[in-house]
file my_file.txt (compact mmCIF, C-alpha atoms)
# COMPACT_ATOMS: atom_id res chain seq x y z
CA LYS V 1 0.00 0.00 0.00
CA ALA V 2 1.56 3.28 -1.08
CA GLY V 3 2.20 5.91 1.54
CA VAL V 4 1.70 9.65 1.49
CA THR V 5 3.59 11.36 -1.30
CA GLN V 6 4.63 14.97 -1.18
CA THR V 7 6.28 16.90 -3.97
CA PRO V 8 8.63 18.55 -4.33
CA ARG V 9 10.94 17.46 -1.52
CA TYR V 10 12.99 20.65 -1.52
CA LEU V 11 12.33 24.17 -2.73
CA ILE V 12 14.28 27.40 -2.64
CA LYS V 13 12.31 30.57 -3.33
CA THR V 14 12.95 34.26 -2.98
CA ARG V 15 10.91 36.66 -0.90
CA GLY V 16 7.76 37.82 -2.61
CA GLN V 17 7.36 34.74 -4.77
CA GLN V 18 4.61 32.22 -4.43
CA VAL V 19 4.84 28.44 -4.09
CA THR V 20 2.57 25.44 -4.53
CA LEU V 21 3.12 22.16 -2.71
CA SER V 22 1.40 18.90 -3.54
CA CYS V 23 0.26 15.94 -1.47
CA SER V 24 -1.17 12.59 -2.57
CA PRO V 25 -2.75 10.77 0.41
CA ILE V 26 -2.97 7.06 1.07
CA SER V 27 -5.49 5.43 -1.21
CA GLY V 28 -8.94 5.55 0.38
CA HIS V 29 -8.09 8.34 2.80
CA ARG V 30 -10.29 11.38 2.34
CA SER V 31 -8.84 13.66 5.00
CA VAL V 32 -5.70 15.61 4.26
CA SER V 33 -4.17 18.02 6.74
CA TRP V 34 -1.21 20.33 6.39
CA TYR V 35 1.26 21.27 9.11
CA GLN V 36 4.19 23.62 9.30
CA GLN V 37 7.20 22.60 11.35
CA THR V 38 9.86 25.05 12.46
CA PRO V 39 12.50 24.69 15.20
CA GLY V 40 10.97 27.49 17.23
CA GLN V 41 7.25 26.71 16.92
CA GLY V 42 7.18 22.95 16.50
CA LEU V 43 4.33 21.42 14.49
CA GLN V 44 1.56 23.88 13.75
CA PHE V 45 -1.74 23.02 12.07
CA LEU V 46 -2.45 24.88 8.83
CA PHE V 47 -5.72 23.40 7.54
CA GLU V 48 -7.66 20.22 6.91
CA TYR V 49 -9.51 19.15 3.79
CA PHE V 50 -12.12 16.44 3.51
CA SER V 51 -13.98 15.56 0.31
CA GLU V 52 -12.76 18.73 -1.42
CA THR V 53 -13.94 20.99 1.43
CA GLN V 54 -11.79 22.87 3.90
CA ARG V 55 -13.12 21.81 7.28
CA ASN V 56 -10.75 23.65 9.55
CA LYS V 57 -8.04 26.27 9.41
CA GLY V 58 -5.26 27.09 11.81
CA ASN V 59 -4.03 30.47 12.85
CA PHE V 60 -2.10 31.42 9.74
CA PRO V 61 -2.45 34.49 7.50
CA GLY V 62 -4.51 34.40 4.33
CA ARG V 63 -1.32 34.03 2.27
CA PHE V 64 -1.61 30.34 3.12
CA SER V 65 -4.31 28.56 1.18
CA GLY V 66 -5.09 25.11 -0.08
CA ARG V 67 -7.47 22.95 -2.00
CA GLN V 68 -8.37 19.34 -2.48
CA PHE V 69 -9.29 17.58 -5.67
CA SER V 70 -11.87 14.87 -6.29
CA ASN V 71 -9.17 12.18 -6.10
CA SER V 72 -8.25 13.49 -2.59
CA ARG V 73 -4.93 14.93 -3.74
CA SER V 74 -4.30 18.26 -2.09
CA GLU V 75 -2.25 21.32 -2.80
CA MET V 76 -1.25 24.18 -0.58
CA ASN V 77 -0.17 27.57 -1.81
CA VAL V 78 1.79 30.28 -0.09
CA SER V 79 1.79 33.68 -1.75
CA THR V 80 4.12 36.61 -1.17
CA LEU V 81 6.69 34.49 0.58
CA GLU V 82 8.45 35.83 3.65
CA LEU V 83 11.71 34.68 5.22
CA GLY V 84 9.73 33.34 8.17
CA ASP V 85 7.90 30.91 5.89
CA SER V 86 11.04 28.79 5.70
CA ALA V 87 9.99 25.51 7.24
CA LEU V 88 9.24 21.85 6.72
CA TYR V 89 5.69 21.53 5.36
CA LEU V 90 4.04 18.24 6.18
CA CYS V 91 0.95 16.65 4.80
CA ALA V 92 -0.97 14.11 6.88
CA SER V 93 -3.37 11.56 5.45
CA ARG V 94 -6.07 10.19 7.74
CA GLY V 95 -8.57 7.40 7.36
CA LEU V 96 -10.53 6.87 10.58
CA ALA V 97 -8.28 7.86 13.46
CA GLU V 98 -4.58 7.58 12.75
CA ALA V 99 -2.74 10.16 10.68
CA PHE V 100 0.25 9.32 8.52
CA PHE V 101 2.71 11.89 7.29
CA GLY V 102 4.42 12.30 3.97
CA GLN V 103 8.14 12.94 3.66
CA GLY V 104 7.55 16.68 3.75
CA THR V 105 8.61 19.58 1.59
CA ARG V 106 11.47 21.66 2.92
CA LEU V 107 10.95 25.23 1.81
CA THR V 108 13.74 27.76 2.09
CA VAL V 109 12.96 31.41 1.43
CA VAL V 110 15.97 33.60 0.67
CA GLN I 1 -7.13 25.38 23.74
CA LYS I 2 -5.83 21.88 24.10
CA GLU I 3 -2.24 21.65 25.31
CA VAL I 4 0.14 18.75 25.17
CA GLU I 5 3.36 19.04 27.11
CA GLN I 6 6.58 17.09 26.95
CA ASN I 7 10.01 17.49 28.45
CA SER I 8 12.27 18.52 25.56
CA GLY I 9 15.24 16.56 26.88
CA PRO I 10 17.65 15.38 25.73
CA LEU I 11 16.99 12.12 27.52
CA SER I 12 20.11 9.98 27.44
CA VAL I 13 19.95 6.24 28.15
CA PRO I 14 22.55 3.51 27.68
CA GLU I 15 22.04 0.87 25.03
CA GLY I 16 19.85 -1.95 26.30
CA ALA I 17 18.13 0.18 28.96
CA ILE I 18 14.47 1.20 29.15
CA ALA I 19 13.70 4.68 27.89
CA SER I 20 10.66 6.35 29.45
CA LEU I 21 9.07 9.27 27.64
CA ASN I 22 6.26 11.23 29.23
CA CYS I 23 3.49 13.50 28.08
CA THR I 24 0.75 15.40 29.92
CA TYR I 25 -2.33 16.95 28.40
CA SER I 26 -4.81 19.57 29.44
CA ASP I 27 -8.09 18.35 27.93
CA ARG I 28 -9.84 15.81 30.13
CA GLY I 29 -12.04 14.91 27.19
CA SER I 30 -9.15 13.57 25.12
CA GLN I 31 -9.84 9.99 24.17
CA SER I 32 -6.85 8.98 22.08
CA PHE I 33 -3.16 9.66 21.85
CA PHE I 34 -0.45 9.04 19.35
CA TRP I 35 3.30 8.72 19.55
CA TYR I 36 5.38 9.71 16.57
CA ARG I 37 9.10 9.22 16.07
CA GLN I 38 10.98 11.81 14.06
CA TYR I 39 14.56 11.40 12.96
CA SER I 40 16.52 14.55 12.29
CA GLY I 41 15.57 16.01 8.93
CA LYS I 42 12.78 13.48 8.39
CA SER I 43 9.03 13.51 8.81
CA PRO I 44 7.17 12.10 11.83
CA GLU I 45 6.42 8.38 11.76
CA LEU I 46 3.50 6.96 13.73
CA ILE I 47 4.75 4.27 16.10
CA MET I 48 1.96 3.85 18.67
CA SER I 49 -1.63 4.82 19.21
CA ILE I 50 -3.61 4.30 22.41
CA TYR I 51 -7.32 4.75 22.97
CA SER I 52 -8.09 3.40 26.44
CA ASN I 53 -6.67 3.45 29.94
CA GLY I 54 -3.89 1.01 30.62
CA ASP I 55 -1.03 -0.38 28.63
CA LYS I 56 -0.65 -1.24 24.98
CA GLU I 57 2.37 -3.20 23.84
CA ASP I 58 3.85 -3.48 20.37
CA GLY I 59 7.24 -5.15 20.18
CA ARG I 60 9.73 -3.15 22.24
CA PHE I 61 7.26 -0.28 22.65
CA THR I 62 4.63 0.09 25.38
CA ALA I 63 2.25 3.03 25.54
CA GLN I 64 0.57 3.76 28.86
CA LEU I 65 -2.48 5.97 29.33
CA ASN I 66 -3.83 7.27 32.61
CA LYS I 67 -6.84 9.47 31.93
CA ALA I 68 -7.42 10.33 35.58
CA SER I 69 -3.94 11.83 35.78
CA GLN I 70 -4.04 13.14 32.20
CA TYR I 71 -0.79 11.40 31.51
CA VAL I 72 0.47 9.27 28.65
CA SER I 73 3.87 7.64 28.38
CA LEU I 74 5.95 5.60 25.98
CA LEU I 75 8.39 2.97 27.18
CA ILE I 76 11.08 1.64 24.87
CA ARG I 77 12.66 -1.57 26.10
CA ASP I 78 16.14 -2.72 25.09
CA SER I 79 16.90 0.71 23.65
CA GLN I 80 19.07 0.73 20.55
CA PRO I 81 21.15 3.53 19.01
CA SER I 82 18.66 3.49 16.12
CA ASP I 83 15.99 4.64 18.61
CA SER I 84 17.79 7.97 18.92
CA ALA I 85 15.25 10.46 17.63
CA THR I 86 12.70 13.00 18.77
CA TYR I 87 9.47 11.49 20.06
CA LEU I 88 6.31 13.53 19.64
CA CYS I 89 3.14 13.03 21.63
CA ALA I 90 -0.09 14.09 19.89
CA ALA I 91 -3.76 14.27 20.72
CA PRO I 92 -6.60 14.97 18.28
CA ASP I 93 -8.83 17.99 18.67
CA ILE I 94 -12.32 17.19 17.50
CA LEU I 95 -13.34 20.42 15.85
CA THR I 96 -16.66 21.95 14.94
CA GLY I 97 -17.46 20.96 11.39
CA GLY I 98 -16.55 17.36 12.05
CA GLY I 99 -12.87 17.51 11.34
CA ASN I 100 -9.94 17.11 13.58
CA LYS I 101 -6.41 18.29 13.93
CA LEU I 102 -3.53 16.96 15.94
CA THR I 103 -2.07 19.01 18.75
CA PHE I 104 1.56 18.08 19.25
CA GLY I 105 3.88 18.38 22.16
CA THR I 106 7.25 19.95 21.49
CA GLY I 107 8.86 16.51 21.46
CA THR I 108 11.45 14.76 23.62
CA GLN I 109 14.87 14.13 22.13
CA LEU I 110 16.11 10.65 23.01
CA LYS I 111 19.77 9.70 22.76
CA VAL I 112 20.76 6.07 23.17
CA GLU I 113 24.43 5.81 23.98
CA LEU I 114 26.73 2.89 23.22
call {"tool": "encode", "arguments": {"input": "my_file.txt", "output": "structure tokens"}}
result
Amino acid sequence: KAGVTQTPRYLIKTRGQQVTLSCSPISGHRSVSWYQQTPGQGLQFLFEYFSETQRNKGNFPGRFSGRQFSNSRSEMNVSTLELGDSALYLCASRGLAEAFFGQGTRLTVV
Amino acid sequence: QKEVEQNSGPLSVPEGAIASLNCTYSDRGSQSFFWYRQYSGKSPELIMSIYSNGDKEDGRFTAQLNKASQYVSLLIRDSQPSDSATYLCAAPDILTGGGNKLTFGTGTQLKVEL
């Protein structure tokens, strides 16, 4: 059974640019959540999608957005990148209770 | 706001010893807990989940939940150098709208020394 796939694995962007990250969940899982992990703040919840609908959103500015497609694949977008957006972005795929993470996308903003 | 707290460590144990990792939580309504292992530069990997009071064993790992004390722990028997990682405790928040999110502790860094 394939795991959670995130692409790309690494990204380097300059301030002011925008970026799109992709996540393919485990087959059959309809819930996809996104988290940001930084050394100072730990793992912070960004948003959750279920059946193409955003169910919940964390305390992040509107520059952070996402969507989910009919095949449950999800994308998140960050516009007008800031240096502080440098982080490991993790996607979690959930069936009933347990959540499984992808390898993450390490974003560096310079 | 649900809170999950862990001692950041590092916790150092000799190879072959039992490592004991602890986590406390603020929400008495929490019903389930998860332990994730995260190697440096990698993503978190789910290693244990526990849903009821008592112990749950899986190989060298034992999760213990005490709801009355709002305390969950992870024991690693016969610790190996490959167990050296950061261990994250997480509890789900059941949110309005039917979704949930995981609230994580800051993680405990475990070092198993030869």
call {"tool": "atom_distance", "arguments": {"input": "my_file.txt", "atom1": "CA of Thr108 in chain I", "atom2": "CA of Leu65 in chain I"}}
result
17.4 Å
call {"tool": "closest_residue", "arguments": {"input": "my_file.txt", "among": "I:Ser26, I:Ser12, I:Ser49, I:Gln38", "to": "Ala68 in chain I", "atoms": "all atoms listed in the file"}}
result
I:Ser26
call {"tool": "interface_residues", "arguments": {"input": "my_file.txt", "of": "chain I", "to": "chain V", "cutoff": "6 Å", "atoms": "all atoms listed in the file", "output": "list in words"}}
result
Ser43, Gly99 and Thr106 of chain I
call {"tool": "residues_around", "arguments": {"input": "my_file.txt", "residues": "range 73-76 of chain I", "least_positions_apart": "3", "cutoff": "10 Å", "atoms": "all atoms listed in the file", "output": "NGL selection string"}}
result
:I and (6 or 16-24 or 33-35 or 48 or 55-66 or 79-80 or 83 or 87 or 89)
call {"tool": "atom_distance", "arguments": {"input": "my_file.txt", "atom1": "CA of Gly28 in chain V", "atom2": "CA of Gln31 in chain I"}}
result
24.2 Å
call {"tool": "atom_distance", "arguments": {"input": "my_file.txt", "atom1": "CA of Thr7 in chain V", "atom2": "CA of Leu83 in chain V"}}
result
20.7 Å
call {"tool": "residues_around", "arguments": {"input": "my_file.txt", "residues": "Arg37 in chain I", "least_positions_apart": "6", "cutoff": "6 Å", "atoms": "all atoms listed in the file", "output": "count of residues only"}}
result
4
call {"tool": "residues_around", "arguments": {"input": "my_file.txt", "residues": "Ala2 in chain V", "least_positions_apart": "2", "cutoff": "9 Å", "atoms": "all atoms listed in the file", "output": "number ranges by chain"}}
result
V: 4-5, 25-27
call {"tool": "residues_around", "arguments": {"input": "my_file.txt", "residues": "Gly9 in chain I", "least_positions_apart": "4", "cutoff": "9 Å", "atoms": "only C-alpha atoms", "output": "PyMOL selection string"}}
result
chain I and resi 107-110
call {"tool": "write_last_selection", "arguments": {"input": "my_file.txt", "atoms": "C-alpha atoms", "output": "PDB file, keeping the file's coordinate frame"}}
result
ATOM      1  CA  GLY I 107       8.860  16.510  21.460  1.00  0.00           C
ATOM      2  CA  THR I 108      11.450  14.760  23.620  1.00  0.00           C
ATOM      3  CA  GLN I 109      14.870  14.130  22.130  1.00  0.00           C
ATOM      4  CA  LEU I 110      16.110  10.650  23.010  1.00  0.00           C
TER       5      LEU I 110
END
call {"tool": "residues_around", "arguments": {"input": "my_file.txt", "residues": "Ser84 in chain I", "least_positions_apart": "2", "cutoff": "6 Å", "atoms": "all atoms listed in the file", "output": "number ranges by chain"}}
result
I: 81-82, 110-112
call {"tool": "axis_aligned_box", "arguments": {"input": "my_file.txt", "around": "range 77-94 of chain V", "padding_each_side": "6 Å", "output": "lines of an AutoDock Vina configuration file"}}
result
center_x = 2.8
center_y = 23.4
center_z = 3.2
size_x = 29.8
size_y = 38.4
size_z = 22.0
